[in-house]
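The file start-v2.tsv contains TSV, C-alpha atoms (C1' of nucleotides) and all ligand atoms:
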chain	number	residue	atom	x	y	z
A	1	MET	CA	-27.46	14.77	15.42
A	2	THR	CA	-28.33	11.37	16.84
A	3	GLN	CA	-25.10	9.82	15.55
A	4	HIS	CA	-22.99	12.21	17.55
A	5	LEU	CA	-23.90	10.75	20.91
A	6	GLU	CA	-23.28	7.22	19.73
A	7	LEU	CA	-19.88	8.29	18.41
A	8	VAL	CA	-18.82	9.96	21.64
A	9	GLN	CA	-19.89	6.97	23.68
A	10	SER	CA	-18.13	4.45	21.45
A	11	LEU	CA	-14.93	6.48	21.38
A	12	ARG	CA	-14.81	7.05	25.12
A	13	GLN	CA	-15.59	3.45	25.87
A	14	ALA	CA	-12.62	2.28	23.81
A	15	GLY	CA	-10.27	4.97	25.10
A	16	HIS	CA	-10.19	7.09	21.94
A	17	ARG	CA	-10.42	10.86	21.61
A	18	LEU	CA	-13.18	12.85	20.01
A	19	THR	CA	-11.54	14.99	17.33
A	20	PRO	CA	-13.22	17.33	14.84
A	21	GLN	CA	-11.80	15.15	12.05
A	22	ARG	CA	-13.57	12.02	13.28
A	23	GLU	CA	-16.73	13.90	14.05
A	24	SER	CA	-16.96	15.51	10.63
A	25	VAL	CA	-16.18	12.27	8.76
A	26	LEU	CA	-18.99	10.51	10.59
A	27	ALA	CA	-21.33	13.47	10.02
A	28	VAL	CA	-20.78	13.33	6.25
A	29	ILE	CA	-21.43	9.59	6.14
A	30	ALA	CA	-24.51	9.85	8.35
A	31	ASP	CA	-25.95	12.59	6.14
A	32	SER	CA	-25.58	10.56	2.96
A	33	HIS	CA	-27.87	7.78	1.83
A	34	GLU	CA	-25.49	6.46	-0.83
A	35	HIS	CA	-22.14	4.68	-0.76
A	36	LEU	CA	-19.30	7.23	-0.59
A	37	SER	CA	-15.65	6.87	-1.57
A	38	ALA	CA	-12.92	8.25	0.69
A	39	GLU	CA	-12.20	10.93	-1.91
A	40	GLU	CA	-15.84	12.05	-1.91
A	41	ILE	CA	-15.91	12.06	1.89
A	42	LEU	CA	-12.78	14.21	1.96
A	43	ALA	CA	-14.32	16.67	-0.51
A	44	ARG	CA	-17.56	16.94	1.48
A	45	VAL	CA	-15.85	17.38	4.83
A	46	ARG	CA	-13.64	20.12	3.38
A	47	LYS	CA	-16.68	22.25	2.53
A	48	ARG	CA	-17.19	22.82	6.25
A	49	TYR	CA	-13.79	21.98	7.66
A	50	PRO	CA	-11.17	22.83	5.03
A	51	TYR	CA	-8.05	21.71	6.90
A	52	LEU	CA	-8.40	17.98	6.66
A	53	ASN	CA	-5.82	15.56	5.42
A	54	LYS	CA	-6.24	12.41	3.34
A	55	SER	CA	-4.58	10.26	6.00
A	56	ALA	CA	-6.90	11.56	8.69
A	57	VAL	CA	-9.89	10.53	6.58
A	58	TYR	CA	-8.57	7.00	6.08
A	59	ARG	CA	-7.63	6.68	9.73
A	60	SER	CA	-11.00	7.99	10.89
A	61	LEU	CA	-12.79	5.62	8.55
A	62	GLU	CA	-10.74	2.71	9.87
A	63	LEU	CA	-11.61	3.59	13.45
A	64	LEU	CA	-15.31	4.20	12.76
A	65	THR	CA	-15.39	0.80	11.06
A	66	GLU	CA	-13.76	-0.90	14.04
A	67	LEU	CA	-16.34	0.75	16.29
A	68	GLY	CA	-19.09	-0.65	14.08
A	69	LEU	CA	-20.52	2.76	13.13
A	70	VAL	CA	-19.45	2.55	9.50
A	71	THR	CA	-19.19	-0.30	7.00
A	72	LEU	CA	-17.23	-0.52	3.77
A	73	THR	CA	-17.05	-2.67	0.68
A	74	ASP	CA	-15.45	-2.88	-2.73
A	75	LEU	CA	-18.27	-2.70	-5.26
A	76	GLY	CA	-15.92	-2.86	-8.21
A	77	HIS	CA	-15.88	0.88	-8.90
A	78	GLY	CA	-12.11	1.14	-8.54
A	79	ARG	CA	-12.20	2.41	-4.97
A	80	VAL	CA	-13.62	1.21	-1.67
A	81	GLU	CA	-16.99	2.68	-0.64
A	82	TYR	CA	-18.28	3.56	2.84
A	83	GLU	CA	-21.74	3.73	4.32
A	84	LEU	CA	-23.36	4.21	7.73
A	85	HIS	CA	-23.76	0.82	9.39
A	86	ARG	CA	-27.53	0.63	9.79
A	87	HIS	CA	-29.38	-2.38	11.18
A	88	PRO	CA	-30.34	-4.88	9.96
A	89	HIS	CA	-27.46	-4.86	7.56
A	90	HIS	CA	-27.60	-5.63	3.88
A	91	HIS	CA	-25.44	-6.90	1.03
A	92	HIS	CA	-25.13	-6.29	-2.70
A	93	LEU	CA	-25.26	-8.19	-5.97
A	94	VAL	CA	-23.00	-6.58	-8.54
A	95	CYS	CA	-23.37	-7.43	-12.23
A	96	ARG	CA	-20.02	-7.65	-14.00
A	97	LYS	CA	-21.60	-6.84	-17.36
A	98	CYS	CA	-23.94	-3.91	-16.75
A	99	LYS	CA	-22.34	-2.85	-13.41
A	100	SER	CA	-25.77	-2.66	-11.75
A	101	VAL	CA	-25.79	-2.88	-7.94
A	102	GLN	CA	-28.73	-4.52	-6.22
A	103	GLN	CA	-29.36	-4.64	-2.49
A	104	ILE	CA	-30.22	-7.89	-0.73
A	105	ASP	CA	-31.26	-8.75	2.78
A	106	HIS	CA	-28.89	-10.19	5.35
A	107	ARG	CA	-31.28	-13.08	6.02
A	108	LEU	CA	-29.99	-14.82	2.88
A	109	PHE	CA	-26.67	-15.27	4.65
A	110	GLN	CA	-27.96	-16.51	7.97
A	111	ASN	CA	-27.90	-20.21	7.11
A	112	LEU	CA	-24.33	-19.95	5.89
A	113	GLN	CA	-23.36	-17.98	8.98
A	114	LYS	CA	-24.90	-20.55	11.32
A	115	LYS	CA	-23.29	-23.43	9.46
A	116	LEU	CA	-19.85	-21.84	9.68
A	117	GLU	CA	-20.34	-21.42	13.41
A	118	SER	CA	-21.65	-24.95	14.02
A	119	ASP	CA	-19.23	-26.78	11.69
A	120	PHE	CA	-16.05	-24.79	12.32
A	121	GLY	CA	-16.71	-22.61	15.37
A	122	PHE	CA	-16.02	-19.68	13.07
A	123	ARG	CA	-17.85	-16.42	13.79
A	124	ALA	CA	-18.07	-14.76	10.40
A	125	ASP	CA	-18.32	-11.00	10.07
A	126	LEU	CA	-20.92	-10.86	7.35
A	127	ASP	CA	-21.89	-7.24	7.12
A	128	HIS	CA	-22.00	-5.56	3.74
A	129	PHE	CA	-20.75	-8.18	1.29
A	130	ALA	CA	-20.44	-7.66	-2.46
A	131	ILE	CA	-21.16	-10.68	-4.65
A	132	PHE	CA	-20.16	-10.45	-8.29
A	133	GLY	CA	-21.90	-12.25	-11.11
A	134	THR	CA	-24.39	-11.81	-13.93
A	135	CYS	CA	-27.81	-10.24	-13.39
A	136	ARG	CA	-31.04	-11.56	-14.84
A	137	LYS	CA	-31.21	-9.01	-17.66
A	138	CYS	CA	-27.67	-9.70	-18.77
A	139	SER	CA	-28.11	-13.49	-18.60
A	140	THR	CA	-31.20	-13.49	-20.79
A	141	ARG	CA	-29.80	-10.89	-23.19
A	142	THR	CA	-26.59	-12.81	-23.91
A	143	ALA	CA	-28.49	-16.08	-24.17
A	144	LYS	CA	-30.69	-14.97	-27.06
A	145	ASN	CA	-28.85	-11.99	-28.54
A	146	PRO	CA	-25.06	-11.50	-28.44
A	147	LYS	CA	-25.33	-7.68	-28.27
A	148	ARG	CA	-23.60	-5.11	-26.11
A	149	HIS	CA	-24.69	-4.56	-22.56
A	150	SER	CA	-26.22	-1.39	-21.13
A	151	HIS	CA	-26.86	-0.01	-17.69
B	1	MET	CA	3.11	-29.80	-18.59
B	2	THR	CA	-0.59	-30.61	-18.66
B	3	GLN	CA	-1.59	-26.98	-18.12
B	4	HIS	CA	0.18	-25.88	-21.27
B	5	LEU	CA	-2.26	-27.55	-23.63
B	6	GLU	CA	-5.24	-26.16	-21.78
B	7	LEU	CA	-3.71	-22.68	-21.96
B	8	VAL	CA	-3.04	-22.86	-25.70
B	9	GLN	CA	-6.56	-24.08	-26.37
B	10	SER	CA	-8.21	-21.43	-24.21
B	11	LEU	CA	-6.13	-18.66	-25.74
B	12	ARG	CA	-6.74	-19.71	-29.33
B	13	GLN	CA	-10.43	-20.20	-28.75
B	14	ALA	CA	-10.80	-16.62	-27.48
B	15	GLY	CA	-8.55	-15.12	-30.14
B	16	HIS	CA	-5.55	-14.42	-27.90
B	17	ARG	CA	-1.87	-15.03	-28.57
B	18	LEU	CA	0.44	-17.41	-26.81
B	19	THR	CA	3.33	-15.35	-25.49
B	20	PRO	CA	6.26	-16.52	-23.33
B	21	GLN	CA	5.08	-14.07	-20.64
B	22	ARG	CA	1.66	-15.71	-20.33
B	23	GLU	CA	3.09	-19.18	-20.55
B	24	SER	CA	5.66	-18.61	-17.81
B	25	VAL	CA	3.18	-16.90	-15.47
B	26	LEU	CA	0.84	-19.87	-15.74
B	27	ALA	CA	3.74	-22.31	-15.31
B	28	VAL	CA	4.76	-20.67	-12.03
B	29	ILE	CA	1.22	-20.78	-10.68
B	30	ALA	CA	0.67	-24.37	-11.79
B	31	ASP	CA	3.91	-25.45	-10.10
B	32	SER	CA	2.96	-23.89	-6.77
B	33	HIS	CA	0.58	-25.38	-4.25
B	34	GLU	CA	0.22	-22.18	-2.22
B	35	HIS	CA	-1.36	-18.80	-2.85
B	36	LEU	CA	1.12	-16.48	-4.59
B	37	SER	CA	1.22	-12.69	-4.77
B	38	ALA	CA	1.94	-10.94	-8.07
B	39	GLU	CA	5.30	-9.86	-6.70
B	40	GLU	CA	6.23	-13.45	-5.85
B	41	ILE	CA	5.08	-14.63	-9.28
B	42	LEU	CA	7.22	-11.95	-10.93
B	43	ALA	CA	10.25	-13.02	-8.89
B	44	ARG	CA	9.78	-16.71	-9.74
B	45	VAL	CA	9.23	-16.11	-13.44
B	46	ARG	CA	12.37	-13.96	-13.59
B	47	LYS	CA	14.53	-16.86	-12.45
B	48	ARG	CA	13.94	-18.51	-15.84
B	49	TYR	CA	12.80	-15.59	-17.94
B	50	PRO	CA	14.51	-12.44	-16.65
B	51	TYR	CA	12.98	-9.89	-19.02
B	52	LEU	CA	9.50	-9.64	-17.63
B	53	ASN	CA	7.67	-6.51	-16.65
B	54	LYS	CA	5.31	-5.90	-13.76
B	55	SER	CA	2.50	-4.83	-16.11
B	56	ALA	CA	2.82	-7.99	-18.15
B	57	VAL	CA	2.40	-10.07	-15.01
B	58	TYR	CA	-0.76	-8.24	-13.98
B	59	ARG	CA	-2.16	-8.37	-17.50
B	60	SER	CA	-1.37	-12.07	-17.86
B	61	LEU	CA	-2.98	-12.77	-14.50
B	62	GLU	CA	-6.08	-10.84	-15.53
B	63	LEU	CA	-6.36	-12.83	-18.76
B	64	LEU	CA	-5.71	-16.20	-17.12
B	65	THR	CA	-8.42	-15.34	-14.60
B	66	GLU	CA	-10.89	-14.44	-17.37
B	67	LEU	CA	-10.10	-17.76	-19.04
B	68	GLY	CA	-10.88	-19.53	-15.77
B	69	LEU	CA	-7.40	-21.06	-15.40
B	70	VAL	CA	-6.45	-18.96	-12.39
B	71	THR	CA	-8.37	-17.60	-9.42
B	72	LEU	CA	-7.51	-14.78	-7.05
B	73	THR	CA	-8.59	-13.43	-3.71
B	74	ASP	CA	-7.68	-10.89	-1.06
B	75	LEU	CA	-6.85	-12.85	2.07
B	76	GLY	CA	-6.01	-9.73	4.04
B	77	HIS	CA	-2.24	-10.01	3.63
B	78	GLY	CA	-1.94	-6.57	2.04
B	79	ARG	CA	-1.85	-7.87	-1.51
B	80	VAL	CA	-4.04	-10.00	-3.73
B	81	GLU	CA	-3.10	-13.68	-4.03
B	82	TYR	CA	-3.39	-16.04	-7.00
B	83	GLU	CA	-3.82	-19.77	-7.31
B	84	LEU	CA	-4.48	-22.36	-10.01
B	85	HIS	CA	-8.23	-22.77	-10.45
B	86	ARG	CA	-8.69	-26.43	-9.57
B	87	HIS	CA	-12.07	-28.15	-9.41
B	88	PRO	CA	-14.11	-28.38	-7.31
B	89	HIS	CA	-13.23	-24.94	-6.04
B	90	HIS	CA	-12.83	-23.94	-2.44
B	91	HIS	CA	-13.07	-20.89	-0.19
B	92	HIS	CA	-11.33	-19.62	2.92
B	93	LEU	CA	-12.12	-18.56	6.47
B	94	VAL	CA	-9.67	-15.88	7.63
B	95	CYS	CA	-9.36	-15.06	11.32
B	96	ARG	CA	-8.86	-11.35	11.94
B	97	LYS	CA	-7.11	-12.00	15.25
B	98	CYS	CA	-4.61	-14.80	14.59
B	99	LYS	CA	-4.59	-14.39	10.78
B	100	SER	CA	-5.07	-18.12	10.28
B	101	VAL	CA	-6.47	-19.21	6.92
B	102	GLN	CA	-8.69	-22.28	6.75
B	103	GLN	CA	-10.00	-23.93	3.60
B	104	ILE	CA	-13.68	-24.80	3.20
B	105	ASP	CA	-15.63	-26.67	0.57
B	106	HIS	CA	-17.69	-24.96	-2.10
B	107	ARG	CA	-20.75	-27.00	-1.12
B	108	LEU	CA	-21.37	-24.66	1.80
B	109	PHE	CA	-22.19	-21.95	-0.72
B	110	GLN	CA	-24.47	-23.95	-2.98
B	111	ASN	CA	-27.71	-23.14	-1.15
B	112	LEU	CA	-26.94	-19.43	-1.24
B	113	GLN	CA	-25.98	-19.66	-4.90
B	114	LYS	CA	-29.23	-21.43	-5.82
B	115	LYS	CA	-31.30	-18.97	-3.81
B	116	LEU	CA	-29.71	-16.00	-5.54
B	117	GLU	CA	-30.51	-17.58	-8.89
B	118	SER	CA	-34.10	-18.52	-8.04
B	119	ASP	CA	-35.00	-15.31	-6.16
B	120	PHE	CA	-33.16	-12.74	-8.28
B	121	GLY	CA	-32.09	-14.52	-11.46
B	122	PHE	CA	-28.56	-13.62	-10.41
B	123	ARG	CA	-25.77	-16.02	-11.42
B	124	ALA	CA	-23.14	-15.48	-8.75
B	125	ASP	CA	-19.46	-16.16	-9.45
B	126	LEU	CA	-18.59	-17.86	-6.22
B	127	ASP	CA	-15.13	-19.23	-6.72
B	128	HIS	CA	-12.51	-18.61	-4.09
B	129	PHE	CA	-14.17	-16.34	-1.54
B	130	ALA	CA	-12.51	-15.05	1.63
B	131	ILE	CA	-14.72	-14.71	4.69
B	132	PHE	CA	-13.31	-12.76	7.61
B	133	GLY	CA	-14.21	-13.34	11.23
B	134	THR	CA	-13.01	-14.96	14.43
B	135	CYS	CA	-11.84	-18.58	14.55
B	136	ARG	CA	-12.79	-21.05	17.27
B	137	LYS	CA	-9.49	-20.76	19.15
B	138	CYS	CA	-9.64	-16.98	19.25
B	139	SER	CA	-13.30	-16.94	20.31
B	140	THR	CA	-12.74	-19.26	23.25
B	141	ARG	CA	-9.47	-17.59	24.22
B	142	THR	CA	-10.93	-14.08	24.43
B	143	ALA	CA	-14.04	-15.37	26.20
B	144	LYS	CA	-12.17	-16.81	29.19
B	145	ASN	CA	-8.80	-15.05	29.09
B	146	PRO	CA	-8.18	-11.55	27.69
B	147	LYS	CA	-4.60	-12.41	26.56
B	148	ARG	CA	-2.73	-11.75	23.34
B	149	HIS	CA	-3.41	-13.87	20.29
B	150	SER	CA	-0.94	-16.16	18.54
B	151	HIS	CA	-0.78	-17.97	15.23
C	1	DA	C1'	-6.85	28.60	33.91
C	2	DC	C1'	-2.30	25.82	33.21
C	3	DA	C1'	0.68	22.07	32.64
C	4	DC	C1'	1.42	17.34	31.17
C	5	DT	C1'	1.53	13.66	28.02
C	6	DA	C1'	-0.32	9.93	25.28
C	7	DT	C1'	-3.01	10.11	21.26
C	8	DT	C1'	-3.75	11.97	16.96
C	9	DT	C1'	-2.80	14.74	12.92
C	10	DG	C1'	-0.31	16.58	8.73
C	11	DC	C1'	2.97	15.72	5.68
C	12	DA	C1'	5.80	13.44	2.46
C	13	DA	C1'	7.57	9.22	1.02
C	14	DC	C1'	6.23	4.85	-0.21
C	15	DT	C1'	3.53	0.54	-2.04
C	16	DG	C1'	0.54	-2.32	-4.88
C	17	DG	C1'	-1.71	-1.96	-8.84
C	18	DT	C1'	-3.47	0.50	-13.39
C	19	DC	C1'	-3.06	2.92	-17.75
C	20	DG	C1'	-1.65	5.41	-22.18
C	21	DC	C1'	1.34	5.03	-25.67
C	22	DA	C1'	5.20	3.91	-28.67
C	23	DA	C1'	7.95	-0.15	-29.85
C	24	DT	C1'	7.80	-5.08	-30.50
C	25	DT	C1'	6.09	-9.53	-31.85
C	26	DG	C1'	2.85	-13.68	-32.68
C	27	DC	C1'	0.75	-15.49	-36.23
C	28	DA	C1'	-1.88	-15.54	-40.57
C	29	DT	C1'	-1.14	-15.26	-45.53
C	30	DC	C1'	1.50	-15.57	-49.49
D	1	DG	C1'	10.92	-17.68	-45.16
D	2	DA	C1'	9.39	-12.89	-45.99
D	3	DT	C1'	5.44	-9.43	-45.31
D	4	DG	C1'	1.83	-7.15	-42.82
D	5	DC	C1'	-0.66	-5.85	-38.99
D	6	DA	C1'	-3.41	-6.29	-34.85
D	7	DA	C1'	-2.39	-7.90	-30.31
D	8	DT	C1'	0.83	-7.49	-26.78
D	9	DT	C1'	4.73	-5.75	-24.14
D	10	DG	C1'	7.78	-2.38	-21.65
D	11	DC	C1'	8.00	1.76	-19.74
D	12	DG	C1'	6.95	5.69	-17.07
D	13	DA	C1'	3.42	8.31	-15.13
D	14	DC	C1'	-0.25	7.90	-12.43
D	15	DC	C1'	-3.86	6.52	-8.68
D	16	DA	C1'	-5.79	4.80	-4.20
D	17	DG	C1'	-4.34	3.79	0.00
D	18	DT	C1'	-0.58	3.14	3.89
D	19	DT	C1'	3.11	4.39	6.94
D	20	DG	C1'	6.90	6.70	9.79
D	21	DC	C1'	7.77	10.62	12.13
D	22	DA	C1'	7.76	15.25	14.04
D	23	DA	C1'	4.34	18.72	15.47
D	24	DA	C1'	-0.12	19.56	17.46
D	25	DT	C1'	-3.86	18.68	20.66
D	26	DA	C1'	-7.75	16.18	23.60
D	27	DG	C1'	-8.42	15.18	27.88
D	28	DT	C1'	-6.70	14.42	32.62
D	29	DG	C1'	-5.19	16.23	36.87
D	30	DT	C1'	-4.04	20.44	39.59
E	201	MN	MN	-24.64	-0.93	0.99
E	202	MN	MN	-7.34	-20.93	-2.07
E	203	ZN	ZN	-26.31	-6.96	-15.69
E	204	ZN	ZN	-7.93	-16.93	15.24
Produce structure tokens that represent the structure in this file.
Ligand SMILES: [Mn+2]
Ligand SMILES: [Mn+2]
Ligand SMILES: [Zn+2]
Ligand SMILES: [Zn+2]
Amino acid sequence: MTQHLELVQSLRQAGHRLTPQRESVLAVIADSHEHLSAEEILARVRKRYPYLNKSAVYRSLELLTELGLVTLTDLGHGRVEYELHRHPHHHHLVCRKCKSVQQIDHRLFQNLQKKLESDFGFRADLDHFAIFGTCRKCSTRTAKNPKRHSH
Amino acid sequence: MTQHLELVQSLRQAGHRLTPQRESVLAVIADSHEHLSAEEILARVRKRYPYLNKSAVYRSLELLTELGLVTLTDLGHGRVEYELHRHPHHHHLVCRKCKSVQQIDHRLFQNLQKKLESDFGFRADLDHFAIFGTCRKCSTRTAKNPKRHSH
DNA sequence: ACACTATTTGCAACTGGTCGCAATTGCATC
DNA sequence: GATGCAATTGCGACCAGTTGCAAATAGTGT
């Protein structure tokens, strides 16, 4: 597993320990190509490593996020979702009506990011944002026909 | 109270009822010039109107937000914070190190907002965003001197 | 291989926020 | 100003996530 080496290095470098809990949480996230909730991560880890506690999952996720290996966001599904932090990173447009989630490129945020740095000296962490609003389908549908939304 | 009329109109127009709970929640928010947590709102309302339930506060806040009278955001203080939705709206830069909160103008987001609409047909709700990162002070401090942060 | 200890884990209690449901009430109509 | 009823509230149970603390363990040194 290519992620394993990166994990060990990052942990060592910051003075943390490599525990089976952390290792297995990262493995589950690295193996998935969707956003995963903490509950889902816990369930998947337990298939291979049954003695894992809820707190350990949350604490591992927090650490992996600090180390930059994992990224999280609230996509409006009632719980936070986690994903491997791949480069270049991406963001999401979430429709409040049909709940669709669309991926967008980080480049759209680069102007804003530069302006915040030049105007305020503020270095914004803009990885994995969720922007809520109304998607094209739902805008046009409600404009002409006041019917119920669908996914 | 100038907000009262606006509330009554908005409620009626959308087929909602004017209850003392909703009225007093809005009054507390309108009287404050800071961000308030739900807990703080509950405490302030109870000074005048002691029989108010936690659920009623959250449900009133949800409705007032839908009606566009109130806006909320998570500024990283462990609970969501509410504020009267004044125009033009504003956003915040939150420093992860010193926890400082800085206000910025909505105009910084207008290019992004237009691009999302033109490229994806997505109408983004961009009122009252919180952007996390590192402020100027904390960037320069950690660059030259690896000391503890302050507020 | 063994001892040492600071870090990490498991657990249970707690917190902020949501939800289902029965009791209450705003408001429309007479 | 009384009646009727859908909208709203209060309440308690619940859910996702956090925290304090005692027990366990990764990693260092011998
Ligand atoms: Mn994503
Ligand atoms: Mn604000
Ligand atoms: Zn949509
Ligand atoms: Zn700072």
Can you list every residue of chain A that has an atom at most 9 Å from ligand MN 201 (chain E), with its nearest atom pair and the distance in Å to one decimal, using only C-alpha atoms and all ligand atoms, ordered by chain then number, as a Markdown table?
| residue | atom | partner | partner_atom | distance |
| --- | --- | --- | --- | --- |
| A:Glu34 | CA | E:MN201 | MN | 7.7 |
| A:His35 | CA | E:MN201 | MN | 6.4 |
| A:Thr71 | CA | E:MN201 | MN | 8.1 |
| A:Leu72 | CA | E:MN201 | MN | 7.9 |
| A:Thr73 | CA | E:MN201 | MN | 7.8 |
| A:Glu81 | CA | E:MN201 | MN | 8.6 |
| A:Tyr82 | CA | E:MN201 | MN | 8.0 |
| A:Glu83 | CA | E:MN201 | MN | 6.4 |
| A:Leu84 | CA | E:MN201 | MN | 8.6 |
| A:His85 | CA | E:MN201 | MN | 8.6 |
| A:His89 | CA | E:MN201 | MN | 8.2 |
| A:His90 | CA | E:MN201 | MN | 6.3 |
| A:His91 | CA | E:MN201 | MN | 6.0 |
| A:His92 | CA | E:MN201 | MN | 6.5 |
| A:Gln103 | CA | E:MN201 | MN | 6.9 |
| A:His128 | CA | E:MN201 | MN | 6.0 |
| A:Phe129 | CA | E:MN201 | MN | 8.2 |
| A:Ala130 | CA | E:MN201 | MN | 8.7 |
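Between CA of Glu39 (chain A) and CA of Tyr58 (chain A) lies a distance of 9.6 Å.
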Distance CA of Leu112 (chain B)-CA of Leu108 (chain A), one decimal place? 6.9 Å
Which of these, A:Ser32, A:Asn111, A:Thr19, A:Gln9, has the shortest distance to DG27 (chain D) once you count all atoms listed in the file?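 The answer is A:Thr19, which sits nearest to DG27 (chain D).
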Excluding DG26 (chain C) and its own-chain neighbours fewer than 2 positions away, which residues fall within 12 Å of it when counting only C-alpha atoms (C1' of nucleotides)? Please give them as a short mmCIF file (atom, residue, chain, number, x, y, z; two decimals) with C-alpha atoms (C1' of nucleotides), in the coordinates of the input.
data_model
loop_
_atom_site.label_atom_id
_atom_site.label_comp_id
_atom_site.auth_asym_id
_atom_site.auth_seq_id
_atom_site.Cartn_x
_atom_site.Cartn_y
_atom_site.Cartn_z
CA ARG B 12 -6.74 -19.71 -29.33
CA GLY B 15 -8.55 -15.12 -30.14
CA HIS B 16 -5.55 -14.42 -27.90
CA ARG B 17 -1.87 -15.03 -28.57
CA LEU B 18 0.44 -17.41 -26.81
CA THR B 19 3.33 -15.35 -25.49
CA PRO B 20 6.26 -16.52 -23.33
"C1'" DT C 24 7.80 -5.08 -30.50
"C1'" DA C 28 -1.88 -15.54 -40.57
"C1'" DC D 5 -0.66 -5.85 -38.99
"C1'" DA D 6 -3.41 -6.29 -34.85
"C1'" DA D 7 -2.39 -7.90 -30.31
"C1'" DT D 8 0.83 -7.49 -26.78
"C1'" DT D 9 4.73 -5.75 -24.14
#
Top pick for closest residue to ligand ZN 204 (chain E), considering B:Lys115, B:Leu93, B:Phe120, B:Arg107 and counting only C-alpha atoms and all ligand atoms: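 For ligand ZN 204 (chain E), the nearest of the candidates is B:Leu93.
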Could you pull out every residue with an atom within 12 Å of (7.6, -0.4, -21.2), file coordinates, counting only C-alpha atoms (C1' of nucleotides), and send them as a ChimeraX atom specification? /B:51-56 /C:19-24 /D:8-13
Which one of B:Glu62, B:Asp74, B:Glu23, B:Asp125 sits closest to ligand MN 202 (chain E) if you count only C-alpha atoms and all ligand atoms?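 Of B:Glu62, B:Asp74, B:Glu23, B:Asp125, the one nearest ligand MN 202 (chain E), counting only C-alpha atoms and all ligand atoms, is B:Asp74.
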Identify all chain A residues at most 9 Å from chain B by counting all atoms listed in the file; ligands do not count. Present them as a list of chain:residue names.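 For chain A, the answer reads A:Leu93, A:Val94, A:Cys95, A:Leu108, A:Phe109, A:Asn111, A:Leu112, A:Lys115, A:Leu116, A:Glu117, A:Phe120, A:Gly121, A:Phe122, A:Arg123, A:Ala124, A:Asp125, A:Leu126, A:Ile131, A:Phe132, A:Gly133, A:Thr134, A:Cys135, A:Arg136, A:Lys137, A:Ser139.
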For chain A, work out the contacting residues on chain D at 9 Å, counting only C-alpha atoms (C1' of nucleotides), and write them as a PyMOL selection string. chain D and resi 16-18+26-27
Residues of chain C within 10 Å of chain A, counting only C-alpha atoms (C1' of nucleotides) - could you list those as a compact mmCIF listing (two decimals) with C-alpha atoms (C1' of nucleotides), keeping the file's coordinate frame?
# COMPACT_ATOMS: atom_id res chain seq x y z
C1' DT C 7 -3.01 10.11 21.26
C1' DT C 8 -3.75 11.97 16.96
C1' DT C 9 -2.80 14.74 12.92
C1' DG C 10 -0.31 16.58 8.73
C1' DC C 11 2.97 15.72 5.68
C1' DT C 18 -3.47 0.50 -13.39
From the options A:Asp119, A:Lys114, A:Tyr49, A:Leu64, which residue's atoms come nearest to Ala14 (chain A), counting only C-alpha atoms?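 Looking only at the distances to Ala14 (chain A), the closest residue turns out to be A:Leu64.
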Distance of CA of Val28 (chain A) from CA of Leu11 (chain A), expressed in Å to one decimal place: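 Atom-to-atom, CA of Leu11 (chain A) and CA of Val28 (chain A) are spaced 17.6 Å apart.
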So that I can see what lies close to DT30 (chain D), please list as a compact mmCIF listing (two decimals) with C-alpha atoms (C1' of nucleotides), in the frame of the given file the residues with an atom at most 12 Å from it, counting all atoms listed in the file and leaving out residues fewer than 3 positions away in the same chain.
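Wrote it out as result_36.txt, contents follow:
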# COMPACT_ATOMS: atom_id res chain seq x y z
C1' DA C 1 -6.85 28.60 33.91
C1' DC C 2 -2.30 25.82 33.21
C1' DA C 3 0.68 22.07 32.64
C1' DC C 4 1.42 17.34 31.17
